[in-house]
file coords_7.txt (compact mmCIF, C-alpha atoms and all ligand atoms)
# COMPACT_ATOMS: atom_id res chain seq x y z
CA MET H 1 109.68 104.75 89.29
CA LYS H 2 111.39 105.70 92.58
CA GLN H 3 109.03 105.44 95.55
CA ILE H 4 108.90 108.58 97.69
CA ASP H 5 107.69 107.82 101.20
CA LEU H 6 106.84 110.90 103.26
CA ARG H 7 105.06 109.11 106.11
CA SER H 8 108.02 109.15 108.47
CA ASP H 9 111.80 109.36 108.70
CA THR H 10 111.71 105.79 110.03
CA VAL H 11 111.16 104.36 106.54
CA THR H 12 114.74 104.81 105.33
CA ARG H 13 116.72 101.82 104.02
CA PRO H 14 120.36 101.35 104.95
CA THR H 15 122.82 102.42 102.28
CA GLN H 16 125.41 100.05 100.85
CA GLN H 17 128.12 101.70 102.99
CA MET H 18 126.06 101.30 106.15
CA LEU H 19 125.40 97.64 105.31
CA GLU H 20 129.12 97.19 104.73
CA ALA H 21 129.83 98.57 108.21
CA MET H 22 127.27 96.14 109.66
CA ILE H 23 128.60 93.09 107.84
CA THR H 24 132.16 93.74 108.93
CA ALA H 25 131.34 94.63 112.55
CA GLN H 26 133.21 92.85 115.33
CA VAL H 27 130.68 91.23 117.62
CA GLY H 28 130.40 89.38 120.91
CA ASP H 29 127.68 88.62 123.44
CA ASP H 30 126.47 92.01 124.64
CA VAL H 31 124.62 90.56 127.64
CA TYR H 32 128.10 89.55 128.86
CA GLY H 33 129.27 93.08 127.97
CA GLU H 34 131.49 91.53 125.32
CA ASP H 35 130.29 93.12 122.10
CA PRO H 36 133.03 95.62 121.22
CA THR H 37 130.87 97.42 118.67
CA VAL H 38 127.96 97.92 121.08
CA ASN H 39 130.40 99.11 123.73
CA ARG H 40 131.92 101.56 121.25
CA LEU H 41 128.50 102.86 120.19
CA GLU H 42 127.45 103.38 123.82
CA GLN H 43 130.68 105.20 124.64
CA THR H 44 130.56 107.22 121.43
CA MET H 45 126.98 108.34 121.96
CA ALA H 46 127.80 109.21 125.57
CA ALA H 47 130.73 111.33 124.37
CA VAL H 48 128.70 112.94 121.59
CA THR H 49 125.94 113.91 124.04
CA GLY H 50 128.36 114.88 126.84
CA MET H 51 126.97 112.26 129.23
CA ALA H 52 128.91 109.73 131.32
CA ASP H 53 127.47 106.53 129.92
CA GLY H 54 125.13 105.07 127.29
CA LEU H 55 122.85 102.08 126.78
CA PHE H 56 121.97 100.65 123.37
CA CYS H 57 118.31 99.65 123.15
CA ALA H 58 116.01 98.13 120.59
CA SER H 59 113.87 101.23 120.07
CA GLY H 60 113.08 104.71 121.31
CA THR H 61 110.07 103.29 123.10
CA GLN H 62 112.46 101.05 125.01
CA THR H 63 114.94 103.82 125.88
CA ASN H 64 112.09 106.04 127.10
CA LEU H 65 110.55 103.14 129.06
CA VAL H 66 113.74 102.16 130.85
CA ALA H 67 114.37 105.85 131.52
CA LEU H 68 110.97 106.20 133.19
CA LEU H 69 111.55 103.02 135.19
CA SER H 70 115.02 104.19 136.23
CA HIS H 71 113.86 107.65 137.34
CA CYS H 72 110.57 106.76 139.02
CA GLN H 73 109.43 104.25 141.61
CA ARG H 74 105.97 102.72 141.80
CA GLY H 75 103.44 105.41 142.73
CA GLU H 76 105.60 108.27 141.50
CA GLU H 77 104.70 110.63 138.69
CA TYR H 78 106.18 112.19 135.58
CA ILE H 79 105.08 115.43 133.96
CA VAL H 80 104.85 115.07 130.20
CA GLY H 81 103.21 116.55 127.11
CA GLN H 82 99.69 115.44 126.25
CA THR H 83 100.81 114.39 122.78
CA ALA H 84 104.36 113.41 123.80
CA HIS H 85 105.61 110.09 122.50
CA THR H 86 106.57 109.12 126.06
CA TYR H 87 102.96 109.47 127.12
CA LYS H 88 100.71 108.89 124.13
CA TYR H 89 102.55 106.58 121.76
CA GLU H 90 104.28 104.02 123.96
CA ALA H 91 101.30 101.85 124.89
CA GLY H 92 101.25 103.14 128.46
CA GLY H 93 104.42 101.22 129.32
CA GLY H 94 105.36 103.39 132.31
CA ALA H 95 101.96 102.77 133.90
CA VAL H 96 101.73 99.10 132.96
CA LEU H 97 105.26 98.04 133.85
CA GLY H 98 106.29 100.64 136.43
CA SER H 99 103.03 101.73 138.09
CA ILE H 100 104.23 105.22 137.24
CA GLN H 101 101.52 107.84 136.91
CA PRO H 102 101.70 110.35 134.06
CA GLN H 103 100.66 113.96 134.54
CA PRO H 104 100.07 115.07 130.94
CA LEU H 105 99.86 118.77 130.09
CA ASP H 106 99.07 120.37 126.74
CA PHE H 107 102.06 121.43 124.69
CA GLU H 108 102.22 125.12 123.79
CA THR H 109 102.24 125.88 120.06
CA ASP H 110 106.06 126.11 120.12
CA GLY H 111 106.43 122.57 121.49
CA THR H 112 107.29 123.66 125.03
CA LEU H 113 105.42 122.94 128.24
CA ASP H 114 104.52 126.19 129.99
CA LEU H 115 106.82 126.28 133.02
CA ALA H 116 104.40 128.17 135.25
CA LYS H 117 101.83 125.49 134.50
CA VAL H 118 104.35 122.71 135.11
CA GLU H 119 105.15 124.29 138.47
CA ARG H 120 101.46 124.42 139.41
CA PHE H 121 101.10 120.71 138.62
CA ILE H 122 104.02 119.58 140.77
CA LYS H 123 102.25 117.98 143.68
CA PRO H 124 102.97 119.02 147.26
CA ASP H 125 104.51 116.44 149.58
CA ASP H 126 101.22 115.13 150.96
CA PHE H 127 100.14 111.52 151.25
CA HIS H 128 97.05 112.22 149.15
CA PHE H 129 99.18 112.68 146.08
CA ALA H 130 101.52 110.73 143.91
CA ARG H 131 105.06 112.01 144.34
CA THR H 132 106.09 114.13 141.36
CA ARG H 133 109.49 112.80 140.40
CA LEU H 134 110.31 113.53 136.77
CA PHE H 135 109.86 116.20 134.12
CA CYS H 136 110.00 115.08 130.45
CA LEU H 137 110.44 117.16 127.34
CA GLU H 138 110.68 116.28 123.66
CA ASN H 139 113.09 117.99 121.20
CA THR H 140 112.27 118.29 118.41
CA GLN H 141 108.56 118.27 119.26
CA ALA H 142 106.50 117.61 116.11
CA GLY H 143 109.45 119.02 114.15
CA LYS H 144 109.75 122.14 116.30
CA VAL H 145 112.98 123.11 118.04
CA LEU H 146 112.71 124.10 121.70
CA PRO H 147 114.45 127.45 122.42
CA MET H 148 117.72 127.16 124.37
CA ASP H 149 116.66 129.79 126.92
CA TYR H 150 113.54 127.79 127.59
CA LEU H 151 115.55 124.62 128.16
CA LYS H 152 117.81 126.42 130.63
CA ASP H 153 114.80 127.72 132.55
CA ALA H 154 113.27 124.23 132.51
CA ARG H 155 116.51 122.84 134.00
CA LYS H 156 116.31 125.42 136.79
CA LEU H 157 112.72 124.42 137.48
CA ALA H 158 113.69 120.76 137.74
CA ASP H 159 116.50 121.71 140.14
CA ARG H 160 114.24 123.90 142.28
CA HIS H 161 111.86 121.00 142.79
CA GLY H 162 114.32 118.13 142.91
CA LEU H 163 112.87 116.53 139.77
CA GLY H 164 114.70 114.28 137.36
CA PHE H 165 114.80 115.81 133.86
CA HIS H 166 114.49 113.51 130.84
CA LEU H 167 114.70 114.40 127.17
CA ASP H 168 112.99 112.34 124.52
CA GLY H 169 115.60 113.31 121.96
CA ALA H 170 114.37 111.04 119.19
CA ARG H 171 115.31 113.92 116.87
CA VAL H 172 117.65 115.93 119.06
CA PHE H 173 120.28 116.02 116.30
CA ASN H 174 117.76 117.74 114.04
CA ALA H 175 117.34 120.36 116.78
CA ALA H 176 121.10 120.84 117.24
CA VAL H 177 121.79 121.08 113.50
CA LYS H 178 118.95 123.56 113.10
CA LEU H 179 120.26 125.78 115.92
CA GLY H 180 123.85 125.39 114.74
CA VAL H 181 124.92 124.29 118.23
CA ASN H 182 126.81 121.26 119.45
CA VAL H 183 124.21 118.74 120.60
CA THR H 184 125.81 118.79 124.07
CA ALA H 185 124.44 122.33 124.54
CA ILE H 186 121.00 120.69 124.63
CA THR H 187 121.65 117.25 126.08
CA THR H 188 123.82 118.21 129.06
CA LEU H 189 120.94 120.23 130.49
CA PHE H 190 119.16 116.92 131.13
CA ASP H 191 119.75 114.00 133.49
CA SER H 192 118.94 111.50 130.76
CA VAL H 193 118.51 111.63 127.01
CA SER H 194 117.05 109.15 124.54
CA CYS H 195 118.46 109.47 121.01
CA CYS H 196 117.01 107.53 118.09
CA LEU H 197 119.32 106.11 115.44
CA SER H 198 116.47 104.89 113.26
CA LYS H 199 114.89 108.28 112.48
CA GLY H 200 116.82 111.00 110.68
CA LEU H 201 120.10 109.18 111.26
CA GLY H 202 118.87 106.43 108.98
CA THR H 203 119.75 103.14 110.70
CA PRO H 204 117.44 100.11 110.55
CA VAL H 205 117.18 99.67 114.34
CA GLY H 206 118.08 101.21 117.63
CA SER H 207 118.19 104.02 120.14
CA VAL H 208 120.70 104.96 122.80
CA LEU H 209 119.87 106.17 126.30
CA CYS H 210 122.51 108.37 127.92
CA GLY H 211 122.95 109.53 131.50
CA SER H 212 125.15 109.17 134.57
CA ARG H 213 126.92 105.87 135.29
CA GLU H 214 124.61 105.04 138.17
CA PHE H 215 121.56 105.87 136.09
CA ILE H 216 122.68 103.72 133.16
CA ALA H 217 123.47 100.83 135.52
CA ARG H 218 119.86 100.95 136.75
CA ALA H 219 118.59 101.26 133.20
CA ARG H 220 120.64 98.22 132.16
CA ARG H 221 118.78 96.06 134.68
CA TRP H 222 115.41 97.35 133.43
CA ARG H 223 116.45 96.77 129.81
CA LYS H 224 117.19 93.15 130.68
CA MET H 225 113.84 92.83 132.45
CA VAL H 226 111.85 94.11 129.48
CA GLY H 227 113.63 91.69 127.15
CA GLY H 228 116.02 94.17 125.60
CA GLY H 229 119.25 92.32 126.34
CA MET H 230 120.47 91.51 122.84
CA ARG H 231 123.41 89.27 122.01
CA GLN H 232 125.60 89.97 118.92
CA ALA H 233 123.95 93.36 118.63
CA GLY H 234 127.14 94.88 117.25
CA ILE H 235 125.70 94.23 113.81
CA LEU H 236 123.06 96.84 114.65
CA ALA H 237 125.37 99.09 116.65
CA ALA H 238 127.72 99.32 113.66
CA ALA H 239 124.95 101.04 111.72
CA GLY H 240 124.63 103.51 114.59
CA LEU H 241 128.34 104.27 114.60
CA TYR H 242 128.25 104.74 110.86
CA ALA H 243 125.29 107.11 111.20
CA LEU H 244 126.98 109.18 113.91
CA SER H 245 129.92 109.87 111.66
CA HIS H 246 128.08 110.29 108.34
CA ASN H 247 124.44 111.24 108.82
CA ILE H 248 124.29 114.15 111.27
CA ASP H 249 125.52 117.14 109.25
CA ARG H 250 123.42 116.07 106.28
CA LEU H 251 120.22 116.62 108.31
CA THR H 252 120.39 120.18 106.95
CA ASP H 253 119.42 118.66 103.57
CA ASP H 254 116.27 117.18 105.12
CA HIS H 255 115.45 120.56 106.63
CA ALA H 256 115.98 122.34 103.31
CA ASN H 257 113.80 119.74 101.58
CA ALA H 258 111.01 120.20 104.13
CA ALA H 259 111.17 123.96 103.59
CA ARG H 260 111.09 123.40 99.81
CA LEU H 261 108.07 121.12 100.20
CA ALA H 262 106.24 123.60 102.44
CA ALA H 263 106.92 126.45 100.02
CA GLY H 264 105.75 124.37 97.05
CA LEU H 265 102.58 123.11 98.72
CA SER H 266 101.63 126.48 100.20
CA GLY H 267 101.17 127.68 96.61
CA ILE H 268 98.15 125.36 96.39
CA LYS H 269 94.95 127.05 97.61
CA ALA H 270 93.44 123.99 99.32
CA ILE H 271 96.56 123.37 101.40
CA HIS H 272 97.14 125.25 104.65
CA ILE H 273 100.53 125.18 106.32
CA ASP H 274 101.71 126.96 109.45
CA MET H 275 105.08 128.00 108.06
CA ASP H 276 106.41 128.95 111.52
CA ALA H 277 106.16 125.28 112.48
CA VAL H 278 108.28 124.16 109.52
CA GLN H 279 111.63 124.17 111.31
CA THR H 280 113.29 120.84 110.70
CA ASN H 281 112.23 117.80 108.68
CA MET H 282 108.46 117.93 109.13
CA VAL H 283 105.62 119.73 107.39
CA HIS H 284 102.13 119.66 108.89
CA ALA H 285 99.45 120.51 106.34
CA ARG H 286 95.69 120.88 106.66
CA ILE H 287 94.13 119.95 103.36
CA ASP H 288 90.66 120.76 102.00
CA ALA H 289 90.20 117.50 100.15
CA ASP H 290 89.00 113.93 100.41
CA MET H 291 92.17 112.42 101.87
CA THR H 292 91.39 108.90 100.69
CA ALA H 293 91.22 110.14 97.11
CA LEU H 294 94.38 112.22 97.55
CA VAL H 295 96.34 109.35 99.10
CA GLN H 296 95.28 107.13 96.22
CA HIS H 297 96.13 109.71 93.58
CA LEU H 298 99.62 110.19 95.00
CA ALA H 299 100.15 106.45 95.37
CA GLY H 300 99.56 106.19 91.62
CA GLN H 301 102.57 108.45 91.21
CA GLY H 302 104.79 106.49 93.59
CA ILE H 303 104.28 108.92 96.49
CA ARG H 304 103.21 107.65 99.91
CA ILE H 305 101.65 109.90 102.54
CA SER H 306 99.70 109.18 105.72
CA PRO H 307 95.92 109.50 105.49
CA GLY H 308 95.61 111.88 108.48
CA ASN H 309 94.37 115.44 108.19
CA PRO H 310 96.22 117.55 109.13
CA VAL H 311 98.82 115.32 107.53
CA ARG H 312 102.44 115.08 108.64
CA LEU H 313 104.96 114.96 105.79
CA VAL H 314 108.49 113.98 106.76
CA THR H 315 111.73 114.32 104.80
CA HIS H 316 114.69 111.98 105.24
CA LEU H 317 117.83 110.67 103.60
CA ASN H 318 116.01 108.74 100.88
CA ILE H 319 114.37 111.94 99.60
CA ASP H 320 116.18 114.63 97.58
CA ALA H 321 115.18 118.01 96.16
CA ALA H 322 114.11 116.50 92.83
CA ASP H 323 111.78 114.14 94.73
CA ILE H 324 110.25 117.14 96.49
CA ASP H 325 109.51 118.75 93.12
CA ARG H 326 107.85 115.52 92.01
CA VAL H 327 105.74 115.52 95.19
CA VAL H 328 104.64 119.13 94.71
CA ALA H 329 103.74 118.34 91.09
CA GLY H 330 101.82 115.27 92.31
CA PHE H 331 99.75 117.36 94.70
CA ARG H 332 99.19 120.01 92.00
CA SER H 333 97.94 117.42 89.54
CA PHE H 334 95.33 116.31 92.09
CA PHE H 335 93.98 119.80 92.65
C1 LIG B 401 109.86 107.63 117.01
C2 LIG B 401 109.87 108.32 118.31
C3 LIG B 401 110.25 107.67 119.48
C4 LIG B 401 110.67 106.22 119.51
O1 LIG B 401 109.96 105.39 118.73
P1 LIG B 401 110.40 103.91 118.33
O2 LIG B 401 109.60 103.66 117.12
O3 LIG B 401 110.02 103.06 119.49
O4 LIG B 401 111.87 103.89 118.09
C5 LIG B 401 110.26 108.39 120.64
N1 LIG B 401 109.91 109.69 120.66
C6 LIG B 401 109.56 110.35 119.56
C7 LIG B 401 109.21 111.79 119.65
C8 LIG B 401 109.51 109.68 118.35
O5 LIG B 401 109.15 110.35 117.25
call {"tool": "encode", "arguments": {"input": "coords_7.txt", "output": "structure tokens"}}
result
Amino acid sequence: MKQIDLRSDTVTRPTQQMLEAMITAQVGDDVYGEDPTVNRLEQTMAAVTGMADGLFCASGTQTNLVALLSHCQRGEEYIVGQTAHTYKYEAGGGAVLGSIQPQPLDFETDGTLDLAKVERFIKPDDFHFARTRLFCLENTQAGKVLPMDYLKDARKLADRHGLGFHLDGARVFNAAVKLGVNVTAITTLFDSVSCCLSKGLGTPVGSVLCGSREFIARARRWRKMVGGGMRQAGILAAAGLYALSHNIDRLTDDHANAARLAAGLSGIKAIHIDMDAVQTNMVHARIDADMTALVQHLAGQGIRISPGNPVRLVTHLNIDAADIDRVVAGFRSFF
């Protein structure tokens, strides 16, 4: 029986073609700048995002960390969402390693940070306060796509206050595909962008940080310091290059499958889904049930979900429409 894992889009396994690209990759020592495949991935991602330069890192946590460290000095501050990955799910790296203070604010229901509120929280230039230095957004945020007009206004706010502007774009390609825009329409509004290869794009490892040449040069030093200087990393970068040419347009399938899942599950009385929030590859469902029993029931049918409630269900390239129908039937059989 095929296992269907809805816990995250990080659970994908590389396809045979992706493995082939990895096995045949030309490699060198990337710490010497001599891995041609890493160099090509960095330049390709920079071109794809419309930025000057790129830096291949081990994870999205690492790209976000070196971005924070490159934007902010000790005692400076970044404004960030209360449930943003960059604040909540990265073990406090900015504070621990950079003495950078977060200023978390609640996300609005559409995944934005209210700009009037952001403006109120920018600290005046006064020695009592940390110096507000950076403004961070996430797109997609919990599967939601930030509106383009909002992003443009956010850019203007950053400019008005001389703030750096960083995007945690772990799933920025999902956002671009959903909006039907070139990803550069989103990414070039920012000073730096972190893009994950190991989420919807389906590689085993890696994220790329993009920004100006000077910014990436700073980030490269920080990456070395946090132990992210890898050697024949072209084996991993080759998967990224493969993903950039094969796995972006197909994200529409993941979005269609999430919509199919949401529609199927919303027909079950005990399951409550905010359909407006089903925009890309995630479905958040509140379920009137004993989750432990539900998780176990589904596991018996080869379906894995997280035990949380509300639960996040994520589609990805190892899940097709027939799998979604099996999942909906699995939930139905429980209720
Ligand atoms: C997954 C994710 C990251 C990076 O996580 P890693 O597991 O370290 O690659 C960053 N931001 C968001 C929003 C994510 O979902």
call {"tool": "residues_near_ligand", "arguments": {"input": "coords_7.txt", "ligand": "ligand LIG 401 (chain B)", "cutoff": "6 Å", "atoms": "all atoms listed in the file", "output": "list in words"}}
result
Ser59, Gly60, Thr61, His85, Asp168 and Ala170 of chain H
call {"tool": "write_last_selection", "arguments": {"input": "coords_7.txt", "atoms": "C-alpha atoms", "output": "JSON list (two decimals), in the frame of the given file"}}
result
[["chain", "number", "residue", "atom", "x", "y", "z"],
["H", 59, "SER", "CA", 113.87, 101.23, 120.07],
["H", 60, "GLY", "CA", 113.08, 104.71, 121.31],
["H", 61, "THR", "CA", 110.07, 103.29, 123.10],
["H", 85, "HIS", "CA", 105.61, 110.09, 122.50],
["H", 168, "ASP", "CA", 112.99, 112.34, 124.52],
["H", 170, "ALA", "CA", 114.37, 111.04, 119.19]]
call {"tool": "residues_around", "arguments": {"input": "coords_7.txt", "residues": "H:Ile319", "least_positions_apart": "4", "cutoff": "7 Å", "atoms": "only C-alpha atoms", "output": "PyMOL selection string"}}
result
chain H and resi 4+315+323
call {"tool": "atom_distance", "arguments": {"input": "coords_7.txt", "atom1": "atom CA of H:Asn174", "atom2": "atom CA of H:Arg223"}}
result
26.3 Å
call {"tool": "atom_distance", "arguments": {"input": "coords_7.txt", "atom1": "atom CA of H:Val172", "atom2": "atom CA of H:Arg286"}}
result
25.7 Å
call {"tool": "residues_around", "arguments": {"input": "coords_7.txt", "residues": "stretch 227-237 of chain H", "least_positions_apart": "3", "cutoff": "7 Å", "atoms": "all atoms listed in the file", "output": "ChimeraX atom specification"}}
result
/H:22-23,25-31,35,37-38,41,57-58,205,223-224,240-241
call {"tool": "closest_residue", "arguments": {"input": "coords_7.txt", "among": "H:His71, H:Lys178, H:Arg312, H:His246", "to": "H:Asp191", "atoms": "all atoms listed in the file"}}
result
H:His71
call {"tool": "closest_residue", "arguments": {"input": "coords_7.txt", "among": "H:Gly98, H:Gly92, H:Gly308, H:Gly81", "to": "H:Cys136", "atoms": "all atoms listed in the file"}}
result
H:Gly81
call {"tool": "atom_distance", "arguments": {"input": "coords_7.txt", "atom1": "atom CA of H:Ala158", "atom2": "atom CA of H:Val278"}}
result
28.9 Å
